[in-house]
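First up is the structure itself, then whatever we jot down about it.
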Amino acid sequence: MKRKKRKGSLLNVIGDSIVYIYGLILTLPLFFAIITAFKSEQERIKNPIGLPESFSFNNFVDAWVDGNMLNAAKNSIIITVGTVILQLVFVIIVSYALNCIRDTKIGVALYMLVLCGLFIPGTGGVTKLMMRREMGLYNNLWGEIFVGAFSITMGVFLVSGFLRTLPGDLEEAARIDGASDTQICFRIITPVIKPSLATIAILTFTSAWNSALGPMLTLRDKSLHTIPMVLLLNYSTEYSMKYTTLFAGVIMTSIPVIIFYCINQKHFVSALAGSVKG
Amino acid sequence: MTGKNILQIARKKYNKKWKYILVTLPILFFYVLFSIYPNLKVFPMSFYDWSPISSIKTFVGWENYNLLFNIKRDLTVERLGNTLMYVAGLFVIQTILALVLALVLQKNTRKNTFFRAYFFLPMVFSTTMVSMIWAYMYDPNLGIINTILGVFGVEGYPGTDFFAQNAQAILCIVFVHIWANIGYPLTILVSGLNTISGDLGEAAKIDGANNWQTFKSITFPLLLPTLFRLSLLTVTTGTLASDYVVMIGTRTGSVPYETLASWMYKSTAYSTNYGMTSALGVIMFIILSIASLVQFVAIQKIENKILG
């Protein structure tokens, strides 16, 4: 009995140390990024891993000015907010309408069409790019919003699943009271499916706010660059990286997202991890 | 009820159905246009010679595939190998690490909840931010890892280029990928573990099974469906992952390592040979479809076996 207990505690010690070591691996790169942001470029070259001699905020000012951060933040906010809102509206309309006709053959067929998006691999980057150029959804913020808003697969999948579990009484009662479909959809159903909508909003927000390689293909003008693009493309001289300014920019732009995550941590975890079903 | 009435009701119902369909059609049209159509259009476009700078499209038959499989064979084989290495590395390391962490952090104590939330944090970072931080960690000259190893007097540091060899480079990038995304498999596995009833484990313990035996014969088999679902997703994300390869590569200079996904992205961004890029898209489409199908069938078989 005694032996067993000791063995169990040994296992606990090993388990705990794995967690702490991994925690350290997660923390160290962030720690070095933070201290680098407070150093001058000369100090970084002289002493890359030591603490900064004095905490100066010069790099943050440089990052803000060099990267034209105000403009980048404006672009990022326009794209993200536009995409999230428009996509939510589309998801609500499609899910509600398809739920109303889910007993008909055509309703099932349309729902299957939406689900196709979950299985078809997204390898058509070239053709999509050319199509967007031909349609004028290229090199403007509106194009990003428009294309992003129509990726409704995951949203319709989630909301439809939720709507199926709802009893029909609510809708029935509203219909008898003479409510129109628009009223039922936006006044009655929308408040009920709020949890699913929050999930979709978080998923769309993180992907729209963070994406860099996609917009790099389509947003060619420098004035249209978003925050991740600025971080990727600015802050280097001809010969080397200005890591100090870069990390000031990285920290500055990630703090809002980190705060947002800390406040809504439960929602974030369930949205980013719970929504995808293998 | 008269016959006319029934007819009216029927027509009303019929009209109503079409109302719903008409509302959804415009949205579904654009959805198909942006999310499905381009991925299928690469199939016909891979038989053409076309580029972003001219509107002329010439039918060339299998010429683009000939370019990939014969003329650039070495390159294609190397990058296919890199992709397989990426996927295999991601799958093996991420699954084992996430499983170990999930087993340790399974119970909902305050400490465990904190660590789970903390390990999840990089999921909200942009791939750009993660790539920049790790580009600095791996930097051959004044990078953090090089400097630290140099301080401890390890030979050859600083000054080692972690990306000089293909296999090493891919593993370094895979590690970044895992660092940023471990929160996802961790959360899935923790919830998977928590749905497995604790009674079974208790019963096994009373019968004298030790921790390892309990894990091997009870927890692991019951967790298999979850693990398979995760593997399906890992293979897809691993094959399509281009962000870290492209971005860390841009920041650290030359790129000897390249996966199919990053190759496809770069030829979309910089090359004018869009016929070859389309052919690449087709190849990746086929690889992903086969991989998903195989895994899907495997999952079905395993689940049937477990459920009896």
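Quick note on naming: the chains in the structure tokens go A, B, ... in the order shown, residues restart at 1 in each chain, and ligands are numbered from 1 in order of appearance.
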
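For region 95-111 of chain B, the set of protein, DNA and RNA residues having any atom at most 6 Å away, when counting only C-alpha atoms and skipping those fewer than 4 positions along the same chain, is Gly15 of chain A; Phe91, Leu186 and Val190 of chain B.
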
>> I need the contact residues of chain A against chain B, so if you could list those with any atom within 7 Å, counting only C-alpha atoms, and return them as a PyMOL selection string, that would help.
In response: chain A and resi 15+19+26+29+33+45+48-49+90+94+97+101+117+121-124+126-128+147+150-151+206+210-213+217+228+232+250+273+278

How would the residues just chosen look if you wrote them out with C-alpha atoms as a tab-separated table (two decimals), in the first residue's frame?
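Wrote part25.tsv, looks like this:
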```tsv
chain	number	residue	atom	x	y	z
A	15	GLY	CA	3.67	15.05	-14.52
A	19	VAL	CA	3.79	20.89	-17.18
A	26	LEU	CA	5.85	28.69	-23.77
A	29	PRO	CA	10.05	33.26	-26.28
A	33	ALA	CA	10.29	39.30	-27.14
A	45	ILE	CA	23.46	43.24	-30.55
A	48	PRO	CA	20.74	39.73	-26.68
A	49	ILE	CA	19.59	37.78	-23.64
A	90	PHE	CA	-25.81	35.61	-43.64
A	94	VAL	CA	-29.44	30.80	-44.27
A	97	ALA	CA	-34.53	29.51	-43.90
A	101	ILE	CA	-37.65	23.79	-45.18
A	117	GLY	CA	-17.42	23.25	-47.67
A	121	PRO	CA	-9.92	20.96	-49.37
A	122	GLY	CA	-9.12	24.62	-49.98
A	123	THR	CA	-6.39	24.24	-52.58
A	124	GLY	CA	-7.75	26.63	-55.21
A	126	VAL	CA	-4.75	30.68	-57.70
A	127	THR	CA	-8.15	30.41	-59.31
A	128	LYS	CA	-9.74	32.27	-56.42
A	147	VAL	CA	-15.24	37.29	-49.65
A	150	PHE	CA	-19.53	34.38	-47.44
A	151	SER	CA	-17.53	31.59	-45.82
A	206	THR	CA	-9.60	35.57	-34.83
A	210	ASN	CA	-4.87	37.45	-37.67
A	211	SER	CA	-4.68	36.46	-41.32
A	212	ALA	CA	-1.67	37.79	-43.17
A	213	LEU	CA	-0.76	35.56	-46.11
A	217	LEU	CA	-2.01	38.39	-52.16
A	228	PRO	CA	-0.22	41.45	-39.31
A	232	LEU	CA	5.62	41.03	-41.52
A	250	VAL	CA	4.17	42.91	-31.95
A	273	ALA	CA	-11.63	24.07	-29.68
A	278	GLY	CA	-13.55	15.97	-36.77
```

> Do you have the CA of Gly148 (chain A)-CA of Val114 (chain A) distance handy?
Replying inline: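 CA of Val114 (chain A) lies 15.3 Å from CA of Gly148 (chain A).
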
>> Give me the residues near Ala248 (chain A) as a list in words, where near means some atom within 9 Å (using only C-alpha atoms) and where sequence neighbours in that chain fewer than 6 positions away do not count.
In response: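 Close residues of Ala248 (chain A): Ala33, Ile34, Thr36, Ala37, Phe38, Phe57, Asn59, Phe60, Val61, Asp62, Ala63 and Trp64 of chain A.
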
Selection from above, N, CA, C and O atoms, as a compact mmCIF listing (two decimals), in the first residue's frame, can you write it?
```txt
# COMPACT_ATOMS: atom_id res chain seq x y z
N ALA A 33 10.89 38.31 -26.26
CA ALA A 33 10.29 39.30 -27.14
C ALA A 33 10.02 40.59 -26.37
O ALA A 33 10.28 41.69 -26.85
N ILE A 34 9.53 40.44 -25.13
CA ILE A 34 9.19 41.63 -24.34
C ILE A 34 10.45 42.41 -23.97
O ILE A 34 10.50 43.63 -24.16
N THR A 36 13.29 42.43 -25.43
CA THR A 36 13.92 42.99 -26.62
C THR A 36 13.22 44.29 -27.04
O THR A 36 13.86 45.21 -27.53
N ALA A 37 11.93 44.34 -26.81
CA ALA A 37 11.18 45.52 -27.21
C ALA A 37 11.63 46.77 -26.47
O ALA A 37 11.42 47.89 -26.93
N PHE A 38 12.27 46.59 -25.29
CA PHE A 38 12.68 47.75 -24.50
C PHE A 38 14.15 48.13 -24.70
O PHE A 38 14.64 49.07 -24.09
N PHE A 57 10.58 53.68 -23.95
CA PHE A 57 9.46 53.36 -24.82
C PHE A 57 9.69 53.87 -26.24
O PHE A 57 8.75 53.95 -27.01
N ASN A 59 11.11 52.47 -28.77
CA ASN A 59 10.78 51.50 -29.81
C ASN A 59 9.29 51.51 -30.13
O ASN A 59 8.90 51.31 -31.28
N PHE A 60 8.49 51.71 -29.09
CA PHE A 60 7.05 51.68 -29.32
C PHE A 60 6.62 52.87 -30.17
O PHE A 60 5.80 52.73 -31.07
N VAL A 61 7.24 54.01 -29.88
CA VAL A 61 6.95 55.20 -30.71
C VAL A 61 7.39 54.94 -32.15
O VAL A 61 6.63 55.17 -33.10
N ASP A 62 8.62 54.40 -32.30
CA ASP A 62 9.12 54.10 -33.64
C ASP A 62 8.21 53.14 -34.38
O ASP A 62 7.90 53.33 -35.56
N ALA A 63 7.80 52.08 -33.66
CA ALA A 63 6.96 51.07 -34.29
C ALA A 63 5.65 51.68 -34.76
O ALA A 63 5.16 51.40 -35.85
N TRP A 64 5.11 52.55 -33.92
CA TRP A 64 3.84 53.20 -34.25
C TRP A 64 3.99 54.07 -35.50
O TRP A 64 3.18 54.02 -36.42
```

> Nearest to Arg164 (chain A): which of A:Ser40, A:Thr83, A:Ser95, A:Asn47 is it, counting only C-alpha atoms?
Replying inline: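 Smallest separation from Arg164 (chain A) among the options: A:Ser95.
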
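Here CA of Gln183 (chain A) and CA of Glu171 (chain A) stand 10.3 Å from one another.
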
>> For a test of reading the model, state the distance in Å between CA of Gly81 (chain B) and CA of Pro44 (chain B), rounded to one decimal.
In response: 26.3 Å
